[in-house]
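Novice: Shown below is the structure under consideration.
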Amino acid sequence: MSRRFDVSQEEIRELVFDECARVVDTGNLLVIPTDTVYGIAADAFSASAVATLLAAKGRGRDMPPPVLVPRAETIFGLVDGVDETVLALTAKFWPGPLTIIANAQPSLDWDLGDTHGTVAVRMPDDESALALLGRTGPLAVSSANISGQPAARTADEAQEMLGDDVDIYVDGGVRESGMSSTIIDLSGDVPRILRRGPITAEDLREIVPELIDLDG
């Protein structure tokens, strides 16, 4: 049976995050608030946990989840060939609603799905999410909804869709944005926007002038 905790209550926050970290270690799922929408989270380095996450959403391996990180420097351990463009983007837009797809470190022992050697990485601008990530390390996190349904803006909406497939729901209040992150793909020869979001093409072209918008 699922549990739910309101992390606006300061006196229980640390205990909740400790329990969330234990749940992640056992391969089970969380729903957590981010700066955009609520996300369903699993240990990024547990293939079975990621498979459980995808099954809960009704997704296949062809839609691998992004990875949320607690600090920008973590990207060096996940991305192969971090260059000046990646560093400039993270310096300007992280923490924040920008997901960067890049080639993954080939030595990583994980299975996020059919990634074709890439990884989608983001550092959220949310105190609770960052506090939790600081305990767990990188988490595979996708929007907390059934595939094809709107992303959850509240813990209630997430729980209505995902039910007991999730062990713990972390309630951080309403996500006012309700808009998923902008996704930029730097894994190929030409940088591309795959999904529009709060960060615009014009914002990104200040750093990546050759960027093309595939979500137009």
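In the structure tokens, the first chain shown is A, the next is B, and so on; residue numbers restart at 1 for each chain, and ligands run from 1 in the order shown.
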Could you give me, as JSON, numbers by chain, each residue of chain A that DSSP assigns to alpha helix (DSSP H) when run on this structure's backbone?
Specialist: {"A": [10, 11, 12, 13, 14, 15, 16, 17, 18, 19, 20, 21, 22, 23, 24, 25, 47, 48, 49, 50, 51, 52, 53, 54, 55, 56, 57, 75, 76, 77, 78, 84, 85, 86, 87, 88, 89, 90, 91, 92, 93, 127, 128, 129, 130, 131, 132, 133, 134, 135, 136, 155, 156, 157, 158, 159, 160, 161, 162, 201, 202, 203, 204, 205]}
Novice: Considering only C-alpha atoms, return as a count of residues only whatever protein or nucleic-acid residues lie within 10 Å of Gly96 (chain A), sequence-local ones (same chain, fewer than 2 positions apart) excluded.
Specialist: 18
Novice: Measure the distance from CA of Pro106 (chain A) to CA of Thr52 (chain A) in Å and round it to one decimal.
Specialist: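 About the pair CA of Pro106 (chain A) and CA of Thr52 (chain A): they are 23.6 Å apart.
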Novice: Using only C-alpha atoms, which of the listed residues (A:Asn103, A:Thr115, A:Thr26, A:Thr136) sits closest to Val69 (chain A)?
Specialist: A:Thr136
Novice: Can you pull out every residue within 7 Å of Val24 (chain A), counting only C-alpha atoms, but drop anything in the same chain fewer than 5 positions away, and send it as a PDB file with C-alpha atoms, in the first residue's frame?
Specialist:
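Resulting contents of around_30.pdb:
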ATOM      1  CA  LEU A  29       9.294   3.788  -6.891  1.00  0.00           C
ATOM      2  CA  ALA A  42      13.582   5.048  -9.624  1.00  0.00           C
ATOM      3  CA  ASP A  43      17.228   4.141  -9.099  1.00  0.00           C
TER       4      ASP A  43
END
Novice: Can you list, as number ranges by chain, every residue of region 29-208 of chain A that DSSP puts in strand (DSSP E or B)?
Specialist: A: 30-33, 38-43, 67-68, 79, 98-104, 118-122, 139-143, 168-171, 182-185, 192-195
Novice: Nearest to Gly60 (chain A) among A:Ala158, A:Leu112, A:Ile101, A:Val31, with distances taken over only C-alpha atoms: which residue is it?
Specialist: A:Leu112
Novice: Need to verify the contact set: Phe17 (chain A), 10 Å, only C-alpha atoms, exclusion of same-chain residues closer than 2 positions in sequence. Can you return it as number ranges by chain?
Specialist: A: 5, 7, 12-15, 19-23, 128-129, 131-136, 170
Novice: Include N, CA and C atoms and write out the residues we just selected as an mmCIF file, in the first residue's frame.
Specialist:
data_model
loop_
_atom_site.group_PDB
_atom_site.id
_atom_site.type_symbol
_atom_site.label_atom_id
_atom_site.label_comp_id
_atom_site.auth_asym_id
_atom_site.auth_seq_id
_atom_site.Cartn_x
_atom_site.Cartn_y
_atom_site.Cartn_z
ATOM 1 N N PHE A 5 3.657 11.555 2.128
ATOM 2 C CA PHE A 5 4.222 12.457 3.130
ATOM 3 C C PHE A 5 4.244 13.882 2.585
ATOM 4 N N VAL A 7 6.040 17.195 2.641
ATOM 5 C CA VAL A 7 7.354 17.698 3.045
ATOM 6 C C VAL A 7 7.347 19.195 3.330
ATOM 7 N N ILE A 12 9.444 16.738 9.673
ATOM 8 C CA ILE A 12 9.530 15.361 9.181
ATOM 9 C C ILE A 12 10.331 15.242 7.885
ATOM 10 N N ARG A 13 10.759 16.364 7.325
ATOM 11 C CA ARG A 13 11.410 16.335 6.003
ATOM 12 C C ARG A 13 12.606 15.384 5.949
ATOM 13 N N GLU A 14 13.506 15.511 6.895
ATOM 14 C CA GLU A 14 14.722 14.709 6.855
ATOM 15 C C GLU A 14 14.408 13.223 6.981
ATOM 16 N N LEU A 15 13.452 12.894 7.848
ATOM 17 C CA LEU A 15 13.062 11.492 7.999
ATOM 18 C C LEU A 15 12.420 10.963 6.721
ATOM 19 N N GLU A 19 13.794 7.872 4.356
ATOM 20 C CA GLU A 19 12.960 6.721 3.985
ATOM 21 C C GLU A 19 12.868 6.594 2.468
ATOM 22 N N CYS A 20 12.777 7.711 1.771
ATOM 23 C CA CYS A 20 12.746 7.679 0.305
ATOM 24 C C CYS A 20 14.027 7.051 -0.244
ATOM 25 N N ALA A 21 15.164 7.404 0.330
ATOM 26 C CA ALA A 21 16.430 6.835 -0.119
ATOM 27 C C ALA A 21 16.451 5.322 0.106
ATOM 28 N N ARG A 22 15.880 4.881 1.234
ATOM 29 C CA ARG A 22 15.818 3.437 1.505
ATOM 30 C C ARG A 22 14.941 2.737 0.467
ATOM 31 N N VAL A 23 13.813 3.364 0.120
ATOM 32 C CA VAL A 23 12.899 2.790 -0.868
ATOM 33 C C VAL A 23 13.582 2.673 -2.232
ATOM 34 N N SER A 128 13.260 20.414 -2.528
ATOM 35 C CA SER A 128 12.983 19.049 -2.066
ATOM 36 C C SER A 128 13.612 18.015 -2.989
ATOM 37 N N ALA A 129 13.486 18.232 -4.293
ATOM 38 C CA ALA A 129 14.066 17.286 -5.250
ATOM 39 C C ALA A 129 15.578 17.212 -5.091
ATOM 40 N N ALA A 131 17.370 17.958 -2.414
ATOM 41 C CA ALA A 131 17.703 17.333 -1.135
ATOM 42 C C ALA A 131 17.617 15.813 -1.238
ATOM 43 N N LEU A 132 16.598 15.330 -1.919
ATOM 44 C CA LEU A 132 16.445 13.887 -2.090
ATOM 45 C C LEU A 132 17.553 13.323 -2.983
ATOM 46 N N LEU A 133 17.819 14.002 -4.100
ATOM 47 C CA LEU A 133 18.866 13.541 -5.016
ATOM 48 C C LEU A 133 20.232 13.529 -4.338
ATOM 49 N N GLY A 134 20.427 14.446 -3.399
ATOM 50 C CA GLY A 134 21.675 14.450 -2.645
ATOM 51 C C GLY A 134 21.865 13.191 -1.830
ATOM 52 N N ARG A 135 20.770 12.543 -1.453
ATOM 53 C CA ARG A 135 20.847 11.300 -0.682
ATOM 54 C C ARG A 135 20.935 10.078 -1.593
ATOM 55 N N THR A 136 20.238 10.116 -2.724
ATOM 56 C CA THR A 136 20.111 8.927 -3.568
ATOM 57 C C THR A 136 21.116 8.872 -4.704
ATOM 58 N N VAL A 170 5.686 11.894 -2.413
ATOM 59 C CA VAL A 170 6.210 13.059 -1.701
ATOM 60 C C VAL A 170 5.397 14.274 -2.146
#
